[in-house]
Amino acid sequence: MKKIFITFLLVFALVACSNDSEKEEKQVEEPQVEEQEAEVNEDEPEEEEDEPEAEADEDDEGSAWDDLKNQDNIIGKSDKDYSEVSTKPSEVRNDNTGNWRKVTLAEDIDFEDYAKSYQELHMEEGETHFIVNFNRKTTTVINEFNSLLYVDIHEYVEKEEHDANKIGSGMVLINYVIYPDGDIEELEE
């Protein structure tokens, strides 16, 4: 019985000693963690409170898309003002969706350079727009999806602008995606 009691005391003493040493280790480690956090906070630049939130949101939006962009395929910016062209969209005959609009023009322009401005001026959510350019003999199809503007340039088909069943039916020549910051990326097939 004495042996059991002595064994019990030894086990109890060992457990108590190990708990004390663990507490001491934790107390020693905690200040190191606080010091590391203080060092990290010192390295971080302080935020300027005077900066408007709208500018920060625009920067975040632009940089968020940068990860998706293929920088090698960025061909320019869609930053020209469509109001200089001044042709307004009209409805497409025989359109069953009610969401199709067309513009006919005879100017020698690269429409993708005007697409962002055109979108802001004339497009509403869920619409598809067709830009028939008689000078270039192309029909540009524009759709917006998840804040991206998709611009597909097709060969013009004779009299396609008169019927929803024919408009935009020509062979695809080139595809672009235009990001919210205006970057135009040529899509590879």
# chains A, B, ... in the order shown; residues from 1 in each chain; ligands from 1

call {"tool": "residues_around", "arguments": {"residues": "range 66-79 of chain A", "least_positions_apart": "6", "cutoff": "10 Å", "atoms": "only C-alpha atoms", "output": "list in words"}}
result
Asp60, Asp110, Phe111, Glu112, Asp113, Tyr114, Ala115, Lys116, Ser117, Tyr118, Tyr176, Val177, Ile178, Tyr179, Pro180, Asp181, Gly182, Asp183, Ile184, Glu185, Glu186, Leu187 and Glu188 of chain A

call {"tool": "closest_residue", "arguments": {"among": "A:Asn99, A:Asn165, A:Thr104, A:Gln119", "to": "Tyr82 in chain A", "atoms": "only C-alpha atoms"}}
result
A:Gln119

call {"tool": "residues_around", "arguments": {"residues": "Thr97 in chain A", "least_positions_apart": "5", "cutoff": "12 Å", "atoms": "only C-alpha atoms", "output": "ChimeraX atom specification"}}
result
/A:91-92,126-128,164-165

call {"tool": "write_last_selection", "arguments": {"atoms": "C-alpha atoms", "output": "PDB file, in the first residue's frame"}}
result
ATOM      1  CA  GLU A  91     -34.778  48.408 -82.611  1.00  0.00           C
ATOM      2  CA  VAL A  92     -34.011  45.352 -84.727  1.00  0.00           C
ATOM      3  CA  GLY A 126     -29.429  42.341 -70.832  1.00  0.00           C
ATOM      4  CA  GLU A 127     -29.251  44.061 -74.215  1.00  0.00           C
ATOM      5  CA  THR A 128     -27.308  42.964 -77.271  1.00  0.00           C
ATOM      6  CA  ALA A 164     -33.060  39.786 -86.597  1.00  0.00           C
ATOM      7  CA  ASN A 165     -32.722  36.376 -88.236  1.00  0.00           C
TER       8      ASN A 165
END

call {"tool": "residues_around", "arguments": {"residues": "Gly168 in chain A", "least_positions_apart": "4", "cutoff": "12 Å", "atoms": "only C-alpha atoms", "output": "number ranges by chain"}}
result
A: 92, 100-102, 128-133, 137-142, 151-164, 172-173

call {"tool": "atom_distance", "arguments": {"atom1": "CA of Phe134 in chain A", "atom2": "CA of Leu149 in chain A"}}
result
22.8 Å

call {"tool": "residues_around", "arguments": {"residues": "Arg136 in chain A", "least_positions_apart": "4", "cutoff": "8 Å", "atoms": "only C-alpha atoms", "output": "CSV table (one decimal) with N, CA, C and O atoms, in the first residue's frame"}}
result
chain,number,residue,atom,x,y,z
A,106,ALA,N,-21.4,54.6,-91.5
A,106,ALA,CA,-20.5,54.5,-92.6
A,106,ALA,C,-19.2,55.2,-92.3
A,106,ALA,O,-18.6,55.9,-93.2
A,107,GLU,N,-18.7,55.1,-91.1
A,107,GLU,CA,-17.5,55.8,-90.7
A,107,GLU,C,-16.4,54.8,-90.6
A,107,GLU,O,-16.6,53.7,-90.2
A,108,ASP,N,-15.2,55.3,-90.9
A,108,ASP,CA,-14.0,54.4,-90.9
A,108,ASP,C,-13.4,54.5,-89.4
A,108,ASP,O,-12.4,55.2,-89.2

call {"tool": "atom_distance", "arguments": {"atom1": "CA of Lys80 in chain A", "atom2": "CA of Asn146 in chain A"}}
result
22.2 Å

call {"tool": "atom_distance", "arguments": {"atom1": "CA of Trp65 in chain A", "atom2": "CA of Val85 in chain A"}}
result
28.9 Å
